[in-house]
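This is run.cif (mmCIF, C-alpha atoms).
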data_query
loop_
_atom_site.label_atom_id
_atom_site.label_comp_id
_atom_site.auth_asym_id
_atom_site.auth_seq_id
_atom_site.Cartn_x
_atom_site.Cartn_y
_atom_site.Cartn_z
CA MET A 103 -26.44 -23.63 28.77
CA ASN A 104 -24.98 -23.40 25.29
CA VAL A 105 -26.69 -20.73 23.20
CA ILE A 106 -26.47 -21.11 19.44
CA HIS A 107 -26.20 -17.92 17.42
CA PRO A 108 -28.36 -16.59 15.78
CA THR A 109 -31.22 -18.18 17.78
CA TYR A 110 -31.39 -15.07 19.91
CA LEU A 111 -34.65 -15.86 21.69
CA ILE A 112 -33.02 -18.73 23.59
CA GLY A 113 -30.83 -16.07 25.16
CA ARG A 114 -31.14 -17.02 28.78
CA GLY A 115 -28.96 -19.36 30.75
CA LYS A 116 -27.98 -19.74 34.37
CA LYS A 117 -30.77 -17.29 35.22
CA ARG A 118 -29.45 -14.73 32.72
CA MET A 119 -31.94 -12.85 30.57
CA TYR A 120 -30.92 -10.37 27.90
CA VAL A 121 -33.75 -7.94 28.64
CA ARG A 122 -35.65 -7.50 31.87
CA LYS A 123 -39.41 -7.82 31.76
CA ASP A 124 -39.82 -4.06 32.24
CA THR A 125 -37.60 -3.24 29.25
CA GLU A 126 -39.38 -2.67 25.95
CA PRO A 127 -37.55 -3.12 22.67
CA LEU A 128 -36.67 0.16 20.99
CA ALA A 129 -39.58 1.50 18.97
CA ASP A 130 -37.22 2.73 16.25
CA ARG A 131 -34.42 0.43 15.19
CA ALA A 132 -30.98 1.51 16.40
CA HIS A 133 -28.91 1.12 13.26
CA LEU A 134 -25.23 0.41 12.93
CA ALA A 135 -24.93 3.28 10.43
CA ILE A 136 -27.32 4.49 7.74
CA ALA A 137 -27.59 7.50 5.47
CA THR A 138 -28.53 10.93 6.83
CA VAL A 139 -30.42 13.01 4.28
CA HIS A 140 -30.81 16.74 4.83
CA GLY A 141 -33.15 17.82 2.01
CA ASP A 142 -30.79 19.73 -0.26
CA GLU A 143 -30.14 16.54 -2.16
CA MET A 144 -33.34 17.01 -4.19
CA THR A 145 -32.15 20.41 -5.39
CA TYR A 146 -29.18 18.88 -7.19
CA ILE A 147 -31.09 15.81 -8.34
CA GLN A 148 -33.76 18.04 -9.82
CA GLU A 149 -31.08 20.15 -11.50
CA ALA A 150 -29.74 17.02 -13.20
CA LEU A 151 -33.25 16.06 -14.30
CA ASP A 152 -34.19 19.56 -15.49
CA THR A 153 -31.02 19.90 -17.55
CA ASN A 154 -31.31 16.32 -18.85
CA TRP A 155 -27.86 15.39 -17.50
CA VAL A 156 -28.95 11.95 -16.32
CA THR A 157 -25.64 10.40 -17.24
CA THR A 158 -22.04 10.01 -16.11
CA ALA A 159 -21.24 13.65 -16.83
CA GLY A 160 -22.65 16.96 -15.65
CA SER A 161 -22.27 19.90 -13.31
CA ASN A 162 -22.77 17.83 -10.15
CA ILE A 163 -19.78 15.63 -10.90
CA THR A 164 -17.56 18.58 -11.76
CA ALA A 165 -18.60 20.52 -8.66
CA LEU A 166 -18.24 17.47 -6.39
CA GLU A 167 -14.75 16.67 -7.62
CA GLU A 168 -13.65 20.25 -6.96
CA LEU A 169 -15.35 20.27 -3.54
CA ALA A 170 -13.84 16.94 -2.45
CA ALA A 171 -10.33 17.86 -3.59
CA ARG A 172 -10.53 21.19 -1.78
CA THR A 173 -12.00 19.70 1.40
CA VAL A 174 -9.53 16.83 1.71
CA GLY A 175 -6.55 18.79 0.45
CA VAL A 176 -5.43 17.10 -2.76
CA ARG A 177 -4.93 18.41 -6.29
CA SER A 178 -7.27 15.98 -8.03
CA ALA A 179 -10.38 13.95 -7.31
CA VAL A 180 -12.07 11.56 -9.74
CA GLY A 181 -15.71 10.63 -9.17
CA LEU A 182 -16.36 6.91 -9.66
CA GLY A 183 -19.27 4.54 -9.30
CA THR A 184 -18.12 2.87 -6.07
CA GLY A 185 -15.31 2.93 -3.56
CA THR A 186 -14.22 -0.43 -4.94
CA SER A 187 -13.88 0.96 -8.47
CA ALA A 188 -11.83 3.82 -7.01
CA LEU A 189 -9.51 1.30 -5.35
CA HIS A 190 -9.29 -0.69 -8.58
CA MET A 191 -8.14 2.43 -10.44
CA CYS A 192 -5.61 3.08 -7.64
CA VAL A 193 -4.24 -0.45 -8.03
CA LYS A 194 -3.92 -0.17 -11.82
CA LEU A 195 -2.18 3.22 -11.58
CA ALA A 196 0.18 1.92 -8.89
CA ALA A 197 0.99 -1.17 -10.96
CA GLU A 198 1.74 0.91 -14.03
CA LYS A 199 3.97 3.24 -12.02
CA ALA A 200 5.80 0.36 -10.34
CA TYR A 201 6.13 -2.07 -13.25
CA GLY A 202 5.21 -0.19 -16.42
CA PRO A 203 2.19 -0.67 -18.72
CA GLY A 204 1.08 -4.27 -18.97
CA LEU A 205 -0.38 -6.13 -21.91
CA PRO A 206 -3.94 -5.10 -22.88
CA GLY A 207 -6.52 -7.16 -21.04
CA GLN A 208 -3.94 -9.01 -18.93
CA PRO A 209 -3.80 -8.78 -15.11
CA CYS A 210 -1.23 -6.11 -14.40
CA LEU A 211 0.00 -7.65 -11.13
CA ALA A 212 0.26 -11.30 -12.10
CA GLY A 213 3.19 -12.80 -10.21
CA LYS A 214 3.61 -9.67 -8.05
CA ARG A 215 3.14 -9.35 -4.29
CA VAL A 216 1.07 -6.62 -2.64
CA PHE A 217 1.15 -5.91 1.11
CA ALA A 218 -2.30 -5.15 2.54
CA THR A 219 -4.15 -4.42 5.76
CA ASP A 220 -5.36 -7.69 7.26
CA MET A 221 -8.32 -6.56 9.37
CA THR A 222 -10.59 -4.82 6.89
CA PHE A 223 -13.55 -5.38 4.59
CA ALA A 224 -12.76 -7.52 1.55
CA ALA A 225 -13.32 -4.54 -0.77
CA THR A 226 -9.95 -3.17 0.37
CA VAL A 227 -8.02 -6.07 -1.12
CA ASN A 228 -10.25 -7.50 -3.87
CA PRO A 229 -9.09 -5.02 -6.56
CA ALA A 230 -5.50 -6.26 -6.19
CA VAL A 231 -6.78 -9.80 -6.71
CA TYR A 232 -8.65 -8.67 -9.84
CA GLU A 233 -5.22 -7.79 -11.21
CA GLY A 234 -3.62 -11.10 -10.27
CA ALA A 235 -1.64 -9.97 -7.21
CA GLU A 236 -0.45 -12.32 -4.49
CA LEU A 237 -1.58 -10.66 -1.28
CA VAL A 238 0.54 -10.65 1.86
CA PHE A 239 -1.50 -9.58 4.88
CA ILE A 240 -0.01 -7.36 7.59
CA ASP A 241 -1.16 -7.64 11.22
CA SER A 242 -2.39 -4.63 13.19
CA GLU A 243 -1.01 -2.73 16.16
CA ARG A 244 -3.16 -2.48 19.29
CA ASP A 245 -2.89 1.32 19.54
CA THR A 246 -4.97 1.95 16.40
CA TRP A 247 -6.27 -1.47 15.25
CA ASN A 248 -4.57 -0.60 11.95
CA MET A 249 -1.54 -1.85 10.03
CA ASP A 250 1.49 -2.27 12.29
CA PRO A 251 4.47 -0.35 10.81
CA ASP A 252 6.88 -2.79 12.49
CA ALA A 253 5.11 -5.74 10.87
CA LEU A 254 5.26 -3.89 7.54
CA THR A 255 9.01 -3.44 7.99
CA LYS A 256 9.32 -7.16 8.72
CA ALA A 257 7.32 -7.94 5.57
CA PHE A 258 9.75 -5.94 3.42
CA ALA A 259 12.63 -7.89 4.95
CA LEU A 260 10.89 -11.11 3.92
CA TYR A 261 9.72 -9.91 0.49
CA PRO A 262 12.02 -7.02 -0.52
CA ASP A 263 10.81 -6.88 -4.14
CA THR A 264 7.28 -5.77 -3.15
CA ARG A 265 6.38 -2.36 -4.59
CA ILE A 266 2.74 -1.73 -3.54
CA VAL A 267 1.17 -1.36 -0.08
CA ILE A 268 -2.55 -0.96 0.64
CA VAL A 269 -3.43 0.46 4.07
CA ALA A 270 -6.99 0.96 5.39
CA ASN A 271 -8.09 3.33 8.17
CA LEU A 272 -10.33 0.98 10.13
CA TYR A 273 -13.74 2.25 11.32
CA GLY A 274 -12.70 5.87 10.69
CA THR A 275 -9.53 5.77 12.80
CA PRO A 276 -6.29 6.82 11.06
CA ALA A 277 -3.47 4.33 10.91
CA ARG A 278 0.03 5.41 11.97
CA LEU A 279 0.30 6.92 8.51
CA ASP A 280 3.56 8.84 8.93
CA ARG A 281 5.52 5.72 9.86
CA ILE A 282 3.83 3.62 7.17
CA ARG A 283 4.65 6.32 4.64
CA GLU A 284 8.30 6.32 5.80
CA VAL A 285 8.58 2.54 5.47
CA CYS A 286 7.14 2.67 1.94
CA THR A 287 9.50 5.47 0.93
CA ALA A 288 12.50 3.57 2.29
CA HIS A 289 11.59 0.59 0.11
CA ASP A 290 10.55 2.56 -2.99
CA ALA A 291 6.99 1.31 -2.61
CA ILE A 292 3.77 3.00 -3.70
CA LEU A 293 1.23 3.58 -0.92
CA ILE A 294 -2.49 3.21 -1.62
CA GLU A 295 -4.60 4.61 1.21
CA ASP A 296 -8.07 3.14 1.62
CA ALA A 297 -9.84 6.03 3.34
CA ALA A 298 -13.30 4.66 2.54
CA GLU A 299 -14.31 4.68 6.21
CA SER A 300 -12.29 7.70 7.37
CA LEU A 301 -13.42 10.72 5.32
CA GLY A 302 -12.90 13.82 7.49
CA ALA A 303 -10.54 12.11 9.95
CA THR A 304 -7.15 13.77 10.46
CA TYR A 305 -3.64 12.60 11.34
CA LEU A 306 -0.91 15.08 12.26
CA GLY A 307 -3.29 17.82 11.16
CA ARG A 308 -3.78 16.35 7.68
CA GLN A 309 -6.89 14.74 6.28
CA THR A 310 -6.78 11.01 5.66
CA GLY A 311 -6.75 10.39 1.95
CA THR A 312 -3.69 12.63 1.55
CA PHE A 313 -1.02 10.23 2.80
CA GLY A 314 -1.23 7.74 -0.05
CA ASP A 315 0.31 8.27 -3.46
CA LEU A 316 -3.20 7.24 -4.49
CA SER A 317 -6.21 7.15 -2.16
CA ALA A 318 -9.86 6.15 -2.28
CA ILE A 319 -13.00 7.19 -0.40
CA SER A 320 -16.48 5.69 -0.46
CA PHE A 321 -19.97 7.17 -0.48
CA ASN A 322 -21.73 3.86 0.14
CA GLY A 323 -25.07 4.12 1.93
CA ASN A 324 -23.60 3.49 5.40
CA LYS A 325 -20.67 5.92 5.16
CA ILE A 326 -20.39 9.26 6.93
CA ILE A 327 -21.23 11.06 3.65
CA THR A 328 -23.43 9.02 1.33
CA GLY A 329 -24.81 8.94 -2.18
CA SER A 330 -26.37 5.45 -1.90
CA CYS A 331 -23.26 4.44 -3.82
CA GLY A 332 -20.25 6.17 -5.32
CA GLY A 333 -16.58 6.59 -4.61
CA MET A 334 -13.66 8.82 -5.43
CA LEU A 335 -9.98 8.51 -6.28
CA LEU A 336 -7.80 11.18 -4.64
CA THR A 337 -4.26 12.12 -5.62
CA ASP A 338 -1.80 14.98 -6.08
CA ASP A 339 -0.69 13.37 -9.33
CA THR A 340 -2.79 15.19 -11.95
CA GLU A 341 -1.59 12.91 -14.76
CA ALA A 342 -2.64 9.82 -12.81
CA ALA A 343 -6.05 11.38 -12.16
CA ALA A 344 -6.51 12.09 -15.86
CA HIS A 345 -5.54 8.51 -16.68
CA ALA A 346 -8.06 7.13 -14.16
CA ARG A 347 -10.75 9.38 -15.61
CA LYS A 348 -9.99 8.04 -19.08
CA TRP A 349 -9.98 4.40 -17.95
CA SER A 350 -13.28 4.91 -16.11
CA THR A 351 -15.03 6.07 -19.31
CA GLN A 352 -14.05 3.02 -21.39
CA SER A 353 -10.64 4.45 -22.37
CA ARG A 354 -11.93 6.47 -25.29
CA GLU A 355 -9.28 8.36 -27.21
CA PRO A 356 -9.89 12.01 -28.28
CA ALA A 357 -11.23 11.12 -31.72
CA ALA A 358 -14.55 11.77 -33.44
CA TRP A 359 -15.13 8.03 -33.57
CA TYR A 360 -14.69 5.47 -30.81
CA GLN A 361 -10.94 4.87 -30.73
CA HIS A 362 -9.46 2.58 -28.06
CA GLU A 363 -5.77 2.00 -27.33
CA GLU A 364 -6.31 0.66 -23.79
CA ILE A 365 -8.87 -1.54 -22.08
CA GLY A 366 -11.40 0.60 -20.24
CA TYR A 367 -14.09 0.36 -17.56
CA ASN A 368 -17.58 1.70 -17.05
CA TYR A 369 -16.69 3.18 -13.65
CA ARG A 370 -17.68 6.86 -13.87
CA MET A 371 -19.97 8.30 -11.20
CA SER A 372 -23.55 9.19 -12.12
CA ASN A 373 -24.46 12.88 -12.14
CA ILE A 374 -27.45 12.05 -9.92
CA THR A 375 -25.30 10.21 -7.35
CA ALA A 376 -22.89 13.15 -7.44
CA GLY A 377 -25.79 15.49 -6.68
CA ILE A 378 -26.67 13.56 -3.52
CA VAL A 379 -23.06 13.53 -2.31
CA ARG A 380 -22.59 17.20 -3.26
CA ALA A 381 -25.48 18.17 -1.01
CA GLN A 382 -24.13 16.17 1.91
CA PHE A 383 -20.52 17.37 1.86
CA PRO A 384 -21.26 20.63 3.74
CA HIS A 385 -22.61 18.47 6.61
CA LEU A 386 -19.42 16.43 7.04
CA SER A 387 -18.22 18.23 10.18
CA GLU A 388 -21.72 18.01 11.67
CA HIS A 389 -21.86 14.25 11.06
CA ILE A 390 -18.42 13.78 12.61
CA ALA A 391 -19.45 15.73 15.72
CA GLN A 392 -22.57 13.58 16.07
CA LYS A 393 -20.58 10.37 15.65
CA LYS A 394 -18.05 11.51 18.23
CA ALA A 395 -20.84 12.25 20.70
CA VAL A 396 -22.12 8.68 20.27
CA TYR A 397 -18.61 7.30 20.88
CA MET A 398 -18.08 9.43 24.01
CA ARG A 399 -21.46 8.46 25.48
CA TYR A 400 -20.53 4.79 25.08
CA LYS A 401 -17.14 5.42 26.65
CA GLU A 402 -18.69 7.18 29.64
CA GLY A 403 -21.68 4.87 29.98
CA LEU A 404 -19.62 1.66 29.86
CA ALA A 405 -16.91 2.91 32.23
CA GLY A 406 -16.39 0.43 35.04
CA LEU A 407 -17.06 -2.61 32.86
CA PRO A 408 -14.17 -4.85 31.78
CA VAL A 409 -14.20 -3.36 28.28
CA THR A 410 -12.39 -0.74 26.18
CA MET A 411 -13.48 1.26 23.15
CA ASN A 412 -11.68 1.11 19.79
CA PRO A 413 -8.50 3.17 20.40
CA TYR A 414 -6.90 6.07 18.59
CA LEU A 415 -3.76 8.17 18.99
CA ALA A 416 -5.26 11.16 20.77
CA ASP A 417 -2.06 13.20 20.62
CA CYS A 418 -1.83 13.16 16.82
CA SER A 419 -5.08 11.92 15.30
CA GLU A 420 -8.77 12.73 15.30
CA PRO A 421 -11.00 9.94 13.92
CA ASN A 422 -14.32 10.59 12.23
CA PHE A 423 -15.76 8.02 14.70
CA TRP A 424 -17.66 6.27 11.91
CA LEU A 425 -18.23 3.17 14.05
CA SER A 426 -17.96 2.82 17.82
CA CYS A 427 -16.52 -0.55 18.78
CA LEU A 428 -16.06 -2.51 21.99
CA LEU A 429 -13.30 -4.88 23.10
CA ILE A 430 -14.01 -7.21 26.02
CA ASP A 431 -11.17 -7.86 28.48
CA GLU A 432 -9.72 -11.36 28.19
CA ASP A 433 -10.61 -12.34 31.75
CA ALA A 434 -14.22 -11.23 31.21
CA MET A 435 -14.79 -13.49 28.16
CA CYS A 436 -17.18 -16.40 28.59
CA GLU A 437 -16.67 -19.63 26.68
CA CYS A 438 -17.52 -19.13 23.00
CA THR A 439 -16.96 -20.96 19.75
CA ARG A 440 -17.25 -19.85 16.13
CA THR A 441 -17.41 -22.04 13.05
CA ALA A 442 -17.34 -20.70 9.48
CA THR A 443 -20.98 -19.57 9.68
CA THR A 444 -22.30 -20.09 13.23
CA SER A 445 -21.31 -19.38 16.79
CA SER A 446 -22.16 -20.62 20.26
CA PHE A 447 -21.46 -19.37 23.77
CA THR A 448 -22.03 -20.37 27.36
CA PRO A 449 -23.56 -17.59 29.52
CA THR A 450 -21.41 -17.22 32.62
CA HIS A 451 -21.82 -15.01 35.68
CA GLY A 452 -19.74 -11.85 35.36
CA LYS A 453 -18.61 -12.69 31.84
CA THR A 454 -19.84 -12.34 28.27
CA CYS A 455 -18.64 -12.44 24.65
CA PRO A 456 -19.31 -10.46 21.46
CA ASP A 457 -21.92 -12.87 20.15
CA GLU A 458 -23.91 -12.75 23.38
CA ILE A 459 -23.91 -8.95 23.32
CA LEU A 460 -24.96 -8.98 19.67
CA ALA A 461 -27.81 -11.33 20.53
CA ALA A 462 -28.84 -9.05 23.41
CA LEU A 463 -28.80 -6.00 21.12
CA ALA A 464 -30.90 -7.81 18.54
CA SER A 465 -33.48 -8.59 21.21
CA ILE A 466 -34.05 -4.87 21.79
CA ASN A 467 -34.18 -3.94 18.08
CA ALA A 468 -30.59 -2.68 17.93
CA GLU A 469 -28.10 -3.54 15.21
CA GLY A 470 -24.54 -4.56 15.99
CA ARG A 471 -21.89 -6.43 14.03
CA PRO A 472 -18.79 -8.52 14.68
CA ILE A 473 -15.44 -6.90 13.97
CA TRP A 474 -14.31 -7.45 10.36
CA LYS A 475 -13.02 -10.99 10.12
CA PRO A 476 -9.32 -10.68 9.19
CA MET A 477 -8.47 -11.46 5.58
CA SER A 478 -5.81 -13.94 6.73
CA MET A 479 -8.61 -15.99 8.34
CA GLN A 480 -10.86 -16.00 5.26
CA PRO A 481 -11.16 -19.29 3.33
CA VAL A 482 -10.71 -17.48 0.02
CA PHE A 483 -7.22 -16.42 1.13
CA ALA A 484 -6.16 -19.71 2.70
CA GLY A 485 -2.45 -20.11 2.05
CA ASN A 486 -1.66 -16.40 1.68
CA ALA A 487 1.25 -15.13 3.73
CA PHE A 488 0.56 -13.24 6.96
CA VAL A 489 3.18 -11.12 8.72
CA THR A 490 2.96 -10.22 12.41
CA THR A 491 5.27 -9.12 15.19
CA SER A 492 3.27 -11.30 17.62
CA PRO A 493 3.31 -14.81 16.10
CA ASP A 494 2.07 -16.43 19.33
CA SER A 495 -0.91 -14.07 19.55
CA PRO A 496 -1.72 -12.15 16.36
CA VAL A 497 -3.48 -8.89 17.12
CA ASP A 498 -6.16 -9.10 14.42
CA ALA A 499 -7.36 -12.58 15.41
CA ASP A 500 -7.60 -11.48 19.03
CA ILE A 501 -9.58 -8.31 18.25
CA PHE A 502 -11.92 -10.30 16.01
CA ARG A 503 -12.51 -12.80 18.84
CA ARG A 504 -13.14 -10.23 21.57
CA GLY A 505 -14.55 -7.22 19.70
CA LEU A 506 -17.82 -6.00 18.22
CA CYS A 507 -19.27 -2.92 16.50
CA LEU A 508 -22.03 -1.07 18.36
CA PRO A 509 -25.01 0.84 16.95
CA SER A 510 -23.29 4.03 15.76
CA ASP A 511 -25.79 5.90 13.63
CA ASN A 512 -25.41 9.65 14.01
CA LYS A 513 -29.18 9.90 14.58
CA LEU A 514 -29.07 7.57 17.60
CA THR A 515 -30.90 9.29 20.46
CA GLN A 516 -29.44 9.53 23.94
CA GLU A 517 -32.45 7.65 25.31
CA ALA A 518 -31.97 4.76 22.88
CA GLN A 519 -28.24 4.72 23.57
CA MET A 520 -28.81 4.46 27.31
CA THR A 521 -31.05 1.43 26.70
CA ILE A 522 -28.26 -0.12 24.64
CA ILE A 523 -25.71 0.59 27.35
CA GLU A 524 -27.91 -0.94 30.07
CA THR A 525 -28.45 -4.00 27.87
CA ILE A 526 -24.69 -4.44 27.51
CA LYS A 527 -24.21 -4.11 31.26
CA ARG A 528 -26.73 -6.90 31.91
CA CYS A 529 -24.67 -9.25 29.76
CA PHE A 530 -22.00 -9.11 32.48
CA GLU A 531 -24.43 -9.99 35.30
#
Write the structure described by the file as C-alpha cells, please.
Amino acid sequence: MNVIHPTYLIGRGKKRMYVRKDTEPLADRAHLAIATVHGDEMTYIQEALDTNWVTTAGSNITALEELAARTVGVRSAVGLGTGTSALHMCVKLAAEKAYGPGLPGQPCLAGKRVFATDMTFAATVNPAVYEGAELVFIDSERDTWNMDPDALTKAFALYPDTRIVIVANLYGTPARLDRIREVCTAHDAILIEDAAESLGATYLGRQTGTFGDLSAISFNGNKIITGSCGGMLLTDDTEAAAHARKWSTQSREPAAWYQHEEIGYNYRMSNITAGIVRAQFPHLSEHIAQKKAVYMRYKEGLAGLPVTMNPYLADCSEPNFWLSCLLIDEDAMCECTRTATTSSFTPTHGKTCPDEILAALASINAEGRPIWKPMSMQPVFAGNAFVTTSPDSPVDADIFRRGLCLPSDNKLTQEAQMTIIETIKRCFE
C-alpha cells in the first residue's frame, strides 16, 4: 500500500498500524522544541516598563551583552533583533574586511563567492545572498553532520579567490572547528560561525561562537535560550562590534542632528526581548542537561533497532543536544519517494522511512521534522556549485533521505518519551 504524506490517518498497510488500539495519543503535545519560561522574565520586563525603556536601548540590553560575552568567552556581544540580522551584520563586516568598504546601498559581495554549510536552515546563507554573493555549498562529514574540512579544502582548490566561509553547527553539535579554522587561515579567509543552534556547546574546551572571526547566536522561540526572537553578534574584534552596533541603529553619526555617512539598518534588540533572554541565561546549563537526558534516553531506548542517533566527536566536543535526530540504516529503509512538496512510502515488514515515522509520531500527538533539506537541493539555489568528497553519494543528500528530528523539548517527560520510542519501534514491525 502506498501511503501519501501528510494523510497520516491512512497509515496502515500490510497489516501495519502506527498505534495499537490500547495506545492513547499523548494528552500533552510532545513538541520538537519550544520555549521554557522560568518566571524571572517578568522581573526584567516589568523593570523595562517601570523605567519607560520600551525601546531598543536600556539596562537589559547592556546587561545581556555583558552576560553573553562573559558566558561564551568573547570580548564583545551586540544584541540584535534576530539571529538572521546578526548573521547579516557578520557578512557585511566580513565583506568590508576582505574587500574594503563598498558603495553606499550597493550589495557588498556582488560578484564574490562565499563558501557555506550545505545542510542547514536557509537563514544561515540568506544574508550572503542579500549582499549579492554567489554561494558555493560544502558537503558534510558523517562524523558530525557538519561541514567537511576536506571538502572545504577541495573548494579552495577550485575557487582560490574566495575570502569568506560560513559554517553552521547543526542541531547543536559543533563542527570540526579547529580544522575548518586552519583551512580558512591557510587561505586568508574570514570565518563566520553560525552558532544559532549551538549556544553552550563546546569544542576542545571552548564555547562555540568563539571560533569564528565573527559569530552569531539566536534566541528564536525554539532555541535553547529564548526571547521569542532576538539574536547576537559575537566577536573579539571590538571595532567590528562597534561598527555593527552603529549599522544596527540606522548608522547615525555622533551629531546633534541625524547625520548619516553609511546605510544603516533597524536591527537593534528590544529592551523587553533582552529582559526575557537575560532571565533565561542563568538556566543555560540546566537546559543543556535536560536536552542531553532526552538524547540519551532515545539512544538507550532505540538500541537494537537499525538506527543511529546524530553523531558527535565525544573525545573533543560536547553538544548542547538542541535536537535529537535519528538516521535509519540503509538496509532498513522501505520504498519512499519525495517530490518538492509531498512524499509517499510503502510500508514494508521490518523496514520504515523518515516520513512513516513522522506520520506515526503525528498520530500520537508528537511533533517531528525531516532533517533540513540541503541548500544544494533547494530550487532557489539551482545551479549553485556544490563541493563534496563523495560525488557518487553526497553525505547531505543521504542524511536528508534517511534522517529525521525527534521530539526534543527539554520538558518532555520520560513517560511521553517511552510512548514515542515504542511508536518508533512499531514502525519496524
Which residues would end up in the selection if the PyMOL selection byres ((chain A and resi 520-526) around 9) were applied here, given that I need the answer as a PDB file with C-alpha atoms, keeping the file's coordinate frame?
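Below is the file result-v2.pdb, written as the result:
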ATOM      1  CA  TYR A 120     -30.920 -10.370  27.900  1.00  0.00           C
ATOM      2  CA  VAL A 121     -33.750  -7.940  28.640  1.00  0.00           C
ATOM      3  CA  ARG A 122     -35.650  -7.500  31.870  1.00  0.00           C
ATOM      4  CA  THR A 125     -37.600  -3.240  29.250  1.00  0.00           C
ATOM      5  CA  PRO A 127     -37.550  -3.120  22.670  1.00  0.00           C
ATOM      6  CA  LEU A 128     -36.670   0.160  20.990  1.00  0.00           C
ATOM      7  CA  ALA A 132     -30.980   1.510  16.400  1.00  0.00           C
ATOM      8  CA  ARG A 399     -21.460   8.460  25.480  1.00  0.00           C
ATOM      9  CA  TYR A 400     -20.530   4.790  25.080  1.00  0.00           C
ATOM     10  CA  GLY A 403     -21.680   4.870  29.980  1.00  0.00           C
ATOM     11  CA  LEU A 404     -19.620   1.660  29.860  1.00  0.00           C
ATOM     12  CA  ILE A 459     -23.910  -8.950  23.320  1.00  0.00           C
ATOM     13  CA  ALA A 462     -28.840  -9.050  23.410  1.00  0.00           C
ATOM     14  CA  LEU A 463     -28.800  -6.000  21.120  1.00  0.00           C
ATOM     15  CA  ILE A 466     -34.050  -4.870  21.790  1.00  0.00           C
ATOM     16  CA  ALA A 468     -30.590  -2.680  17.930  1.00  0.00           C
ATOM     17  CA  LEU A 508     -22.030  -1.070  18.360  1.00  0.00           C
ATOM     18  CA  PRO A 509     -25.010   0.840  16.950  1.00  0.00           C
ATOM     19  CA  THR A 515     -30.900   9.290  20.460  1.00  0.00           C
ATOM     20  CA  GLN A 516     -29.440   9.530  23.940  1.00  0.00           C
ATOM     21  CA  GLU A 517     -32.450   7.650  25.310  1.00  0.00           C
ATOM     22  CA  ALA A 518     -31.970   4.760  22.880  1.00  0.00           C
ATOM     23  CA  GLN A 519     -28.240   4.720  23.570  1.00  0.00           C
ATOM     24  CA  LYS A 527     -24.210  -4.110  31.260  1.00  0.00           C
ATOM     25  CA  ARG A 528     -26.730  -6.900  31.910  1.00  0.00           C
ATOM     26  CA  CYS A 529     -24.670  -9.250  29.760  1.00  0.00           C
ATOM     27  CA  PHE A 530     -22.000  -9.110  32.480  1.00  0.00           C
TER      28      PHE A 530
END
Enumerate, in order of chain and increasing residue number, the residues of region 311-351 of chain A with an atom no farther than 8 Å from region 181-187 of chain A, each with its shortest atom pair and distance in Å to one decimal, counting all atoms listed in the file, as a tab-separated table.
residue	atom	partner	partner_atom	distance
A:Ala318	CA	A:Gly185	CA	6.5
A:Ile319	CA	A:Gly185	CA	5.8
A:Ser320	CA	A:Gly185	CA	4.3
A:Phe321	CA	A:Gly185	CA	7.0
A:Asn322	CA	A:Thr184	CA	7.3
A:Cys331	CA	A:Thr184	CA	5.8
A:Gly332	CA	A:Thr184	CA	4.0
A:Gly333	CA	A:Gly185	CA	4.0
A:Met334	CA	A:Gly181	CA	4.6
A:Leu335	CA	A:Gly181	CA	6.8
A:Ser350	CA	A:Leu182	CA	7.4
Return as a compact mmCIF listing (two decimals) with C-alpha atoms, in the coordinates of the input the set of residues that the PyMOL selection byres ((chain A and resi 201) around 12) yields on the displayed structure.
# COMPACT_ATOMS: atom_id res chain seq x y z
CA VAL A 193 -4.24 -0.45 -8.03
CA LYS A 194 -3.92 -0.17 -11.82
CA LEU A 195 -2.18 3.22 -11.58
CA ALA A 196 0.18 1.92 -8.89
CA ALA A 197 0.99 -1.17 -10.96
CA GLU A 198 1.74 0.91 -14.03
CA LYS A 199 3.97 3.24 -12.02
CA ALA A 200 5.80 0.36 -10.34
CA GLY A 202 5.21 -0.19 -16.42
CA PRO A 203 2.19 -0.67 -18.72
CA GLY A 204 1.08 -4.27 -18.97
CA LEU A 205 -0.38 -6.13 -21.91
CA CYS A 210 -1.23 -6.11 -14.40
CA LEU A 211 0.00 -7.65 -11.13
CA ALA A 212 0.26 -11.30 -12.10
CA GLY A 213 3.19 -12.80 -10.21
CA LYS A 214 3.61 -9.67 -8.05
CA ARG A 215 3.14 -9.35 -4.29
CA ASP A 263 10.81 -6.88 -4.14
CA THR A 264 7.28 -5.77 -3.15
CA ARG A 265 6.38 -2.36 -4.59
CA ILE A 266 2.74 -1.73 -3.54
CA ALA A 291 6.99 1.31 -2.61
CA ILE A 292 3.77 3.00 -3.70
Notebook entry, point to check: When the PyMOL selection byres ((chain A and resi 243) around 12) is applied to the file above, which residues end up in the set, as a PyMOL selection string?
Noted result: chain A and resi 219-221+240-242+244-254+272+277-278+412-415+489-492+495-501
Next item on the list: Go through A:Gly175, A:Pro356, A:Pro456, A:Gly160 and flag the residue nearest Leu428 (chain A), using all atoms listed in the file for the distances.
Entry: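 Among the listed residues, A:Pro456 lies closest to Leu428 (chain A).
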Could you list, with a cut-off of 12 Å and counting only C-alpha atoms, the residues of region 366-477 of chain A near region 225-235 of chain A, each shown with its nearest atom pair and the distance in Å rounded to one decimal, rows sorted by chain and ascending number, as CSV?
residue,atom,partner,partner_atom,distance
A:Trp474,CA,A:Ala225,CA,11.5
A:Pro476,CA,A:Val227,CA,11.4
A:Met477,CA,A:Val227,CA,8.6
Note to self: Which residue is closest to Ala218 (chain A)? Choose from A:Leu293, A:Leu260, A:Leu169, A:Ile473 and count all atoms listed in the file.
What the structure shows: A:Leu293
Grab all the atoms of region 359-373 of chain A that the file lists, wrap them in a box along x, y and z, add 8 Å per side, and give me centre plus edge lengths in Å (one decimal) as lines of an AutoDock Vina configuration file.
center_x = -15.1
center_y = 5.7
center_z = -22.4
size_x = 34.7
size_y = 30.4
size_z = 38.4
Item checked: Point (-5.3, 3.9, -26.8), cut-off 8 Å, counting all atoms listed in the file, residues as a list of chain:residue names ->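 Output: A:Ser353, A:Arg354, A:Glu355, A:Gln361, A:His362, A:Glu363, A:Glu364.
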Margin query: So the first atom is CA of Gly141 (chain A) and the second is CA of Gly274 (chain A); what is the distance between them in Å, to one decimal place?
Written below: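 Going from CA of Gly141 (chain A) over to CA of Gly274 (chain A) covers 25.2 Å.
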Note to self: Taking all atoms listed in the file into account, name the residue in A:Ala224, A:Ala416, A:Leu279, A:Val267 that is nearest to Gln480 (chain A).
What the structure shows: A:Ala224
